[in-house]
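One file, query32.pdb, carrying PDB, C-alpha atoms, pLDDT in the B column:
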```pdb
ATOM      1  CA  MET A   1       6.881  -9.614 -19.837  1.00 46.00           C
ATOM      2  CA  SER A   2       6.787  -6.944 -17.126  1.00 49.00           C
ATOM      3  CA  SER A   3       7.688  -7.702 -13.521  1.00 49.00           C
ATOM      4  CA  PHE A   4       3.967  -7.435 -12.769  1.00 50.00           C
ATOM      5  CA  GLY A   5       3.184 -10.105 -15.333  1.00 53.00           C
ATOM      6  CA  GLN A   6       5.985 -12.416 -14.219  1.00 53.00           C
ATOM      7  CA  CYS A   7       5.139 -12.144 -10.521  1.00 56.00           C
ATOM      8  CA  PHE A   8       1.396 -12.407 -11.012  1.00 51.00           C
ATOM      9  CA  MET A   9       1.539 -15.271 -13.494  1.00 51.00           C
ATOM     10  CA  THR A  10       3.678 -17.250 -11.054  1.00 53.00           C
ATOM     11  CA  SER A  11       0.891 -16.979  -8.461  1.00 53.00           C
ATOM     12  CA  HIS A  12      -2.068 -17.130 -10.892  1.00 51.00           C
ATOM     13  CA  PRO A  13      -0.923 -19.190 -13.935  1.00 51.00           C
ATOM     14  CA  THR A  14      -4.326 -19.295 -15.666  1.00 50.00           C
ATOM     15  CA  ALA A  15      -5.256 -15.629 -15.179  1.00 50.00           C
ATOM     16  CA  THR A  16      -6.045 -13.142 -17.916  1.00 49.00           C
ATOM     17  CA  ILE A  17      -5.731  -9.443 -17.163  1.00 51.00           C
ATOM     18  CA  VAL A  18      -8.146  -7.154 -18.994  1.00 51.00           C
ATOM     19  CA  ARG A  19      -8.290  -3.441 -18.157  1.00 50.00           C
ATOM     20  CA  GLN A  20     -10.364  -0.722 -19.787  1.00 56.00           C
ATOM     21  CA  GLN A  21      -8.493   2.235 -18.282  1.00 59.00           C
ATOM     22  CA  PRO A  22      -4.765   2.839 -18.686  1.00 59.00           C
ATOM     23  CA  VAL A  23      -2.609   2.690 -15.572  1.00 55.00           C
ATOM     24  CA  VAL A  24      -2.000   6.249 -14.393  1.00 61.00           C
ATOM     25  CA  ASN A  25       1.561   5.577 -13.269  1.00 71.00           C
ATOM     26  CA  VAL A  26       3.377   2.547 -14.633  1.00 80.00           C
ATOM     27  CA  GLY A  27       6.373   3.466 -12.464  1.00 82.00           C
ATOM     28  CA  ALA A  28       4.260   3.204  -9.301  1.00 85.00           C
ATOM     29  CA  LEU A  29       2.812  -0.101 -10.497  1.00 87.00           C
ATOM     30  CA  ASN A  30       6.274  -1.550 -11.154  1.00 86.00           C
ATOM     31  CA  THR A  31       7.593  -0.282  -7.795  1.00 87.00           C
ATOM     32  CA  ILE A  32       4.681  -1.863  -5.920  1.00 88.00           C
ATOM     33  CA  VAL A  33       4.817  -5.162  -7.814  1.00 87.00           C
ATOM     34  CA  ASP A  34       8.605  -5.435  -7.494  1.00 87.00           C
ATOM     35  CA  ALA A  35       8.458  -4.799  -3.745  1.00 85.00           C
ATOM     36  CA  VAL A  36       5.635  -7.291  -3.176  1.00 84.00           C
ATOM     37  CA  CYS A  37       7.290  -9.957  -5.311  1.00 83.00           C
ATOM     38  CA  ASN A  38      10.672  -9.430  -3.642  1.00 78.00           C
ATOM     39  CA  VAL A  39       9.157  -9.798  -0.177  1.00 71.00           C
ATOM     40  CA  GLY A  40       6.884 -12.631  -1.229  1.00 66.00           C
ATOM     41  CA  ILE A  41       4.352 -14.329   0.952  1.00 67.00           C
ATOM     42  CA  GLU A  42       5.266 -15.923   4.255  1.00 69.00           C
ATOM     43  CA  ALA A  43       2.584 -18.540   4.920  1.00 70.00           C
ATOM     44  CA  PRO A  44       1.429 -21.277   2.529  1.00 72.00           C
ATOM     45  CA  GLU A  45      -2.210 -20.218   2.953  1.00 77.00           C
ATOM     46  CA  GLU A  46      -1.415 -16.565   2.251  1.00 80.00           C
ATOM     47  CA  LYS A  47      -2.432 -15.343  -1.190  1.00 86.00           C
ATOM     48  CA  MET A  48      -0.870 -12.697  -3.398  1.00 86.00           C
ATOM     49  CA  PRO A  49      -2.848  -9.526  -4.065  1.00 90.00           C
ATOM     50  CA  THR A  50      -5.012  -9.666  -7.186  1.00 89.00           C
ATOM     51  CA  PRO A  51      -4.228  -7.567 -10.269  1.00 88.00           C
ATOM     52  CA  SER A  52      -7.106  -5.213  -9.416  1.00 89.00           C
ATOM     53  CA  VAL A  53      -5.558  -4.522  -5.981  1.00 92.00           C
ATOM     54  CA  PHE A  54      -2.158  -3.758  -7.567  1.00 90.00           C
ATOM     55  CA  LEU A  55      -3.809  -1.466 -10.140  1.00 89.00           C
ATOM     56  CA  GLN A  56      -5.940   0.295  -7.523  1.00 92.00           C
ATOM     57  CA  ALA A  57      -2.825   1.025  -5.456  1.00 93.00           C
ATOM     58  CA  ALA A  58      -0.873   2.297  -8.481  1.00 91.00           C
ATOM     59  CA  ASP A  59      -3.753   4.488  -9.630  1.00 90.00           C
ATOM     60  CA  LEU A  60      -4.233   6.126  -6.239  1.00 91.00           C
ATOM     61  CA  LEU A  61      -0.529   6.455  -5.424  1.00 91.00           C
ATOM     62  CA  HIS A  62       0.447   8.178  -8.662  1.00 84.00           C
ATOM     63  CA  ALA A  63       1.117  11.468  -6.830  1.00 84.00           C
ATOM     64  CA  PHE A  64       2.674  10.102  -3.639  1.00 90.00           C
ATOM     65  CA  PRO A  65       6.329   9.449  -2.671  1.00 89.00           C
ATOM     66  CA  ILE A  66       6.396   5.648  -2.567  1.00 90.00           C
ATOM     67  CA  ASN A  67      10.134   5.371  -3.206  1.00 86.00           C
ATOM     68  CA  LYS A  68      10.792   5.863   0.540  1.00 86.00           C
ATOM     69  CA  ALA A  69       7.875   3.762   1.770  1.00 94.00           C
ATOM     70  CA  GLU A  70       7.888   0.143   2.936  1.00 94.00           C
ATOM     71  CA  ILE A  71       5.760  -1.971   0.594  1.00 93.00           C
ATOM     72  CA  SER A  72       4.607  -5.468   1.502  1.00 91.00           C
ATOM     73  CA  PRO A  73       1.859  -8.010   0.869  1.00 90.00           C
ATOM     74  CA  PHE A  74      -0.357  -9.389   3.611  1.00 89.00           C
ATOM     75  CA  TYR A  75      -3.033 -12.001   2.866  1.00 90.00           C
ATOM     76  CA  GLY A  76      -4.087 -10.454  -0.440  1.00 91.00           C
ATOM     77  CA  GLU A  77      -3.476  -6.859   0.628  1.00 93.00           C
ATOM     78  CA  VAL A  78      -0.849  -4.369  -0.480  1.00 95.00           C
ATOM     79  CA  ASN A  79       0.449  -2.336   2.474  1.00 95.00           C
ATOM     80  CA  ILE A  80       2.370   0.901   1.906  1.00 96.00           C
ATOM     81  CA  THR A  81       3.920   2.336   5.104  1.00 96.00           C
ATOM     82  CA  TRP A  82       5.617   5.693   5.546  1.00 96.00           C
ATOM     83  CA  LYS A  83       7.569   6.404   8.763  1.00 94.00           C
ATOM     84  CA  ASN A  84       8.875   9.525  10.438  1.00 93.00           C
ATOM     85  CA  GLY A  85      10.678   8.782  13.681  1.00 90.00           C
ATOM     86  CA  SER A  86       8.334   6.692  15.792  1.00 90.00           C
ATOM     87  CA  ASP A  87       5.218   7.740  13.861  1.00 94.00           C
ATOM     88  CA  ARG A  88       3.762   6.041  10.815  1.00 95.00           C
ATOM     89  CA  VAL A  89       1.033   6.133   8.205  1.00 97.00           C
ATOM     90  CA  LYS A  90      -0.062   2.923   6.524  1.00 97.00           C
ATOM     91  CA  ALA A  91      -2.201   2.750   3.393  1.00 97.00           C
ATOM     92  CA  THR A  92      -3.803  -0.646   2.860  1.00 97.00           C
ATOM     93  CA  PHE A  93      -5.361  -1.774  -0.423  1.00 96.00           C
ATOM     94  CA  GLY A  94      -7.472  -4.941  -0.608  1.00 94.00           C
ATOM     95  CA  PRO A  95      -7.824  -7.785  -0.181  1.00 92.00           C
ATOM     96  CA  GLU A  96     -11.143  -7.159  -1.931  1.00 90.00           C
ATOM     97  CA  PRO A  97     -11.117  -4.867  -4.985  1.00 85.00           C
ATOM     98  CA  GLY A  98     -12.000  -1.324  -4.007  1.00 89.00           C
ATOM     99  CA  MET A  99     -11.032  -1.697  -0.330  1.00 94.00           C
ATOM    100  CA  PHE A 100      -8.715   1.058   0.871  1.00 96.00           C
ATOM    101  CA  PHE A 101      -8.048   2.414   4.339  1.00 96.00           C
ATOM    102  CA  VAL A 102      -5.435   4.589   6.032  1.00 97.00           C
ATOM    103  CA  TYR A 103      -4.080   4.049   9.538  1.00 97.00           C
ATOM    104  CA  LYS A 104      -1.831   6.461  11.413  1.00 96.00           C
ATOM    105  CA  GLU A 105      -0.189   6.072  14.795  1.00 95.00           C
ATOM    106  CA  CYS A 106       2.377   7.510  17.196  1.00 93.00           C
ATOM    107  CA  PHE A 107       4.634   5.548  19.500  1.00 90.00           C
ATOM    108  CA  GLU A 108       6.293   6.815  22.652  1.00 89.00           C
ATOM    109  CA  ASN A 109       8.459   4.562  24.808  1.00 89.00           C
ATOM    110  CA  GLY A 110       7.310   1.536  22.821  1.00 87.00           C
ATOM    111  CA  ARG A 111       3.603   2.218  23.387  1.00 93.00           C
ATOM    112  CA  VAL A 112       0.966   3.491  20.989  1.00 93.00           C
ATOM    113  CA  THR A 113      -0.046   6.951  22.209  1.00 93.00           C
ATOM    114  CA  PHE A 114      -2.229   7.936  19.266  1.00 93.00           C
ATOM    115  CA  SER A 115      -3.968   5.993  16.527  1.00 95.00           C
ATOM    116  CA  ASP A 116      -6.556   6.765  13.899  1.00 96.00           C
ATOM    117  CA  LEU A 117      -8.164   4.484  11.306  1.00 96.00           C
ATOM    118  CA  ASP A 118      -9.927   5.935   8.262  1.00 96.00           C
ATOM    119  CA  GLU A 119     -11.996   3.093   6.837  1.00 95.00           C
ATOM    120  CA  HIS A 120     -13.398   5.343   4.100  1.00 93.00           C
ATOM    121  CA  ALA A 121     -10.087   6.705   2.880  1.00 95.00           C
ATOM    122  CA  ASN A 122      -9.467   8.430  -0.417  1.00 95.00           C
ATOM    123  CA  GLU A 123      -6.607  10.291  -2.063  1.00 94.00           C
ATOM    124  CA  ALA A 124      -7.316  13.479  -0.063  1.00 95.00           C
ATOM    125  CA  SER A 125      -7.333  11.692   3.297  1.00 95.00           C
ATOM    126  CA  LEU A 126      -4.057   9.932   2.476  1.00 96.00           C
ATOM    127  CA  ARG A 127      -2.530  13.265   1.492  1.00 95.00           C
ATOM    128  CA  GLN A 128      -3.745  14.772   4.795  1.00 96.00           C
ATOM    129  CA  SER A 129      -2.314  11.819   6.757  1.00 96.00           C
ATOM    130  CA  LEU A 130       1.092  12.167   5.100  1.00 95.00           C
ATOM    131  CA  TYR A 131       1.030  15.898   5.817  1.00 95.00           C
ATOM    132  CA  TRP A 132       0.313  15.026   9.463  1.00 94.00           C
ATOM    133  CA  LEU A 133       3.209  12.547   9.471  1.00 94.00           C
ATOM    134  CA  ASN A 134       5.656  15.152   8.207  1.00 91.00           C
ATOM    135  CA  THR A 135       4.493  18.146  10.248  1.00 90.00           C
ATOM    136  CA  HIS A 136       3.081  17.118  13.617  1.00 75.00           C
ATOM    137  CA  HIS A 137       5.096  17.343  16.798  1.00 58.00           C
ATOM    138  CA  PRO A 138       4.824  15.025  19.808  1.00 56.00           C
ATOM    139  CA  ASN A 139       2.510  16.314  22.511  1.00 48.00           C
ATOM    140  CA  VAL A 140       0.797  18.681  20.048  1.00 43.00           C
ATOM    141  CA  ARG A 141      -2.227  17.018  18.518  1.00 43.00           C
TER     142      ARG A 141
END
```

Please go through the file and, once you have read it, give me the structure as structure tokens.
Amino acid sequence: MSSFGQCFMTSHPTATIVRQQPVVNVGALNTIVDAVCNVGIEAPEEKMPTPSVFLQAADLLHAFPINKAEISPFYGEVNITWKNGSDRVKATFGPEPGMFFVYKECFENGRVTFSDLDEHANEASLRQSLYWLNTHHPNVR
């Protein structure tokens, strides 16, 4: 059984996973599932992300560099965070199937000096946010 199956079945022992479409990037799926399962959940009331949230993240992230990102669960969500110095971009999937948003922010002297939330994110807006993360310079916005 894959790491996805082992991790998910531990949290949802009676679940059956049925999917019509193939996963675009099995490597991304395994990376996300491994990271979430290794971190685990912190609070007893916190739930693991559903299979559809894992699959949504893997499908969208097939062309993105997730090997250097921080990946963690949060109350049914999958959070993928990229950092560059004191700036970051966070892609959040879930907790409901189909939910996806991108948040970017800058810190200076421990304070948030810029933030932007895209509640209607898609692959193009994530790509643009990661471009921003890797090319912008402080004080030039």

Non-local contacts of Ser72 (chain A) (10 Å; all atoms listed in the file; under 4 positions in same chain excluded) as a PyMOL selection string:
chain A and resi 32-41+77-81+92

Could you please take those selected residues and save C-alpha atoms as a short mmCIF file (atom, residue, chain, number, x, y, z; two decimals), in the frame of the given file?
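Dumped to selection_28.cif:
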```
data_model
loop_
_atom_site.label_atom_id
_atom_site.label_comp_id
_atom_site.auth_asym_id
_atom_site.auth_seq_id
_atom_site.Cartn_x
_atom_site.Cartn_y
_atom_site.Cartn_z
CA ILE A 32 4.68 -1.86 -5.92
CA VAL A 33 4.82 -5.16 -7.81
CA ASP A 34 8.60 -5.44 -7.49
CA ALA A 35 8.46 -4.80 -3.74
CA VAL A 36 5.64 -7.29 -3.18
CA CYS A 37 7.29 -9.96 -5.31
CA ASN A 38 10.67 -9.43 -3.64
CA VAL A 39 9.16 -9.80 -0.18
CA GLY A 40 6.88 -12.63 -1.23
CA ILE A 41 4.35 -14.33 0.95
CA GLU A 77 -3.48 -6.86 0.63
CA VAL A 78 -0.85 -4.37 -0.48
CA ASN A 79 0.45 -2.34 2.47
CA ILE A 80 2.37 0.90 1.91
CA THR A 81 3.92 2.34 5.10
CA THR A 92 -3.80 -0.65 2.86
#
```

Evaluate the PyMOL selection byres ((chain A and resi 111-113) around 10) and report residues as a PyMOL selection string:
chain A and resi 86-87+105-110+114-115+138-139

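Take the PyMOL selection byres ((chain A and resi 47-54) around 6) and apply it to this file: it picks A:Glu46, A:Leu55, A:Gln56, A:Ala57, A:Tyr75, A:Gly76, A:Glu77, A:Gly94, A:Pro97.
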
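Computed from the coordinates, the CA of His62 (chain A) to CA of Asn122 (chain A) distance equals 12.9 Å.
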
Two-atom distance - CA of Ala121 (chain A), CA of Asp59 (chain A) (Å):
14.2 Å

Please expand the PyMOL selection byres ((chain A and resi 130) around 12) into the concrete residues it hits in this file, giving the result as a short mmCIF file (atom, residue, chain, number, x, y, z; two decimals) with C-alpha atoms, in the coordinates of the input.
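Output file out-v9.cif follows:
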```
data_model
loop_
_atom_site.label_atom_id
_atom_site.label_comp_id
_atom_site.auth_asym_id
_atom_site.auth_seq_id
_atom_site.Cartn_x
_atom_site.Cartn_y
_atom_site.Cartn_z
CA ALA A 63 1.12 11.47 -6.83
CA PHE A 64 2.67 10.10 -3.64
CA PRO A 65 6.33 9.45 -2.67
CA ILE A 66 6.40 5.65 -2.57
CA ALA A 69 7.88 3.76 1.77
CA ILE A 80 2.37 0.90 1.91
CA THR A 81 3.92 2.34 5.10
CA TRP A 82 5.62 5.69 5.55
CA LYS A 83 7.57 6.40 8.76
CA ASN A 84 8.88 9.52 10.44
CA ASP A 87 5.22 7.74 13.86
CA ARG A 88 3.76 6.04 10.82
CA VAL A 89 1.03 6.13 8.20
CA LYS A 90 -0.06 2.92 6.52
CA ALA A 91 -2.20 2.75 3.39
CA VAL A 102 -5.44 4.59 6.03
CA TYR A 103 -4.08 4.05 9.54
CA LYS A 104 -1.83 6.46 11.41
CA GLU A 105 -0.19 6.07 14.80
CA GLU A 123 -6.61 10.29 -2.06
CA ALA A 124 -7.32 13.48 -0.06
CA SER A 125 -7.33 11.69 3.30
CA LEU A 126 -4.06 9.93 2.48
CA ARG A 127 -2.53 13.26 1.49
CA GLN A 128 -3.74 14.77 4.80
CA SER A 129 -2.31 11.82 6.76
CA TYR A 131 1.03 15.90 5.82
CA TRP A 132 0.31 15.03 9.46
CA LEU A 133 3.21 12.55 9.47
CA ASN A 134 5.66 15.15 8.21
CA THR A 135 4.49 18.15 10.25
CA HIS A 136 3.08 17.12 13.62
#
```

Distance in Å - CA of Asn30 (chain A) versus CA of Phe101 (chain A):
21.5 Å

Any chance you could work out the axis-aligned box around region 89-96 of chain A, listed atoms only, 4 Å on each side, giving centre and edge lengths in Å to one decimal, as lines of an AutoDock Vina configuration file?
```
center_x = -5.1
center_y = -0.8
center_z = 3.1
size_x = 20.2
size_y = 21.9
size_z = 18.1
```
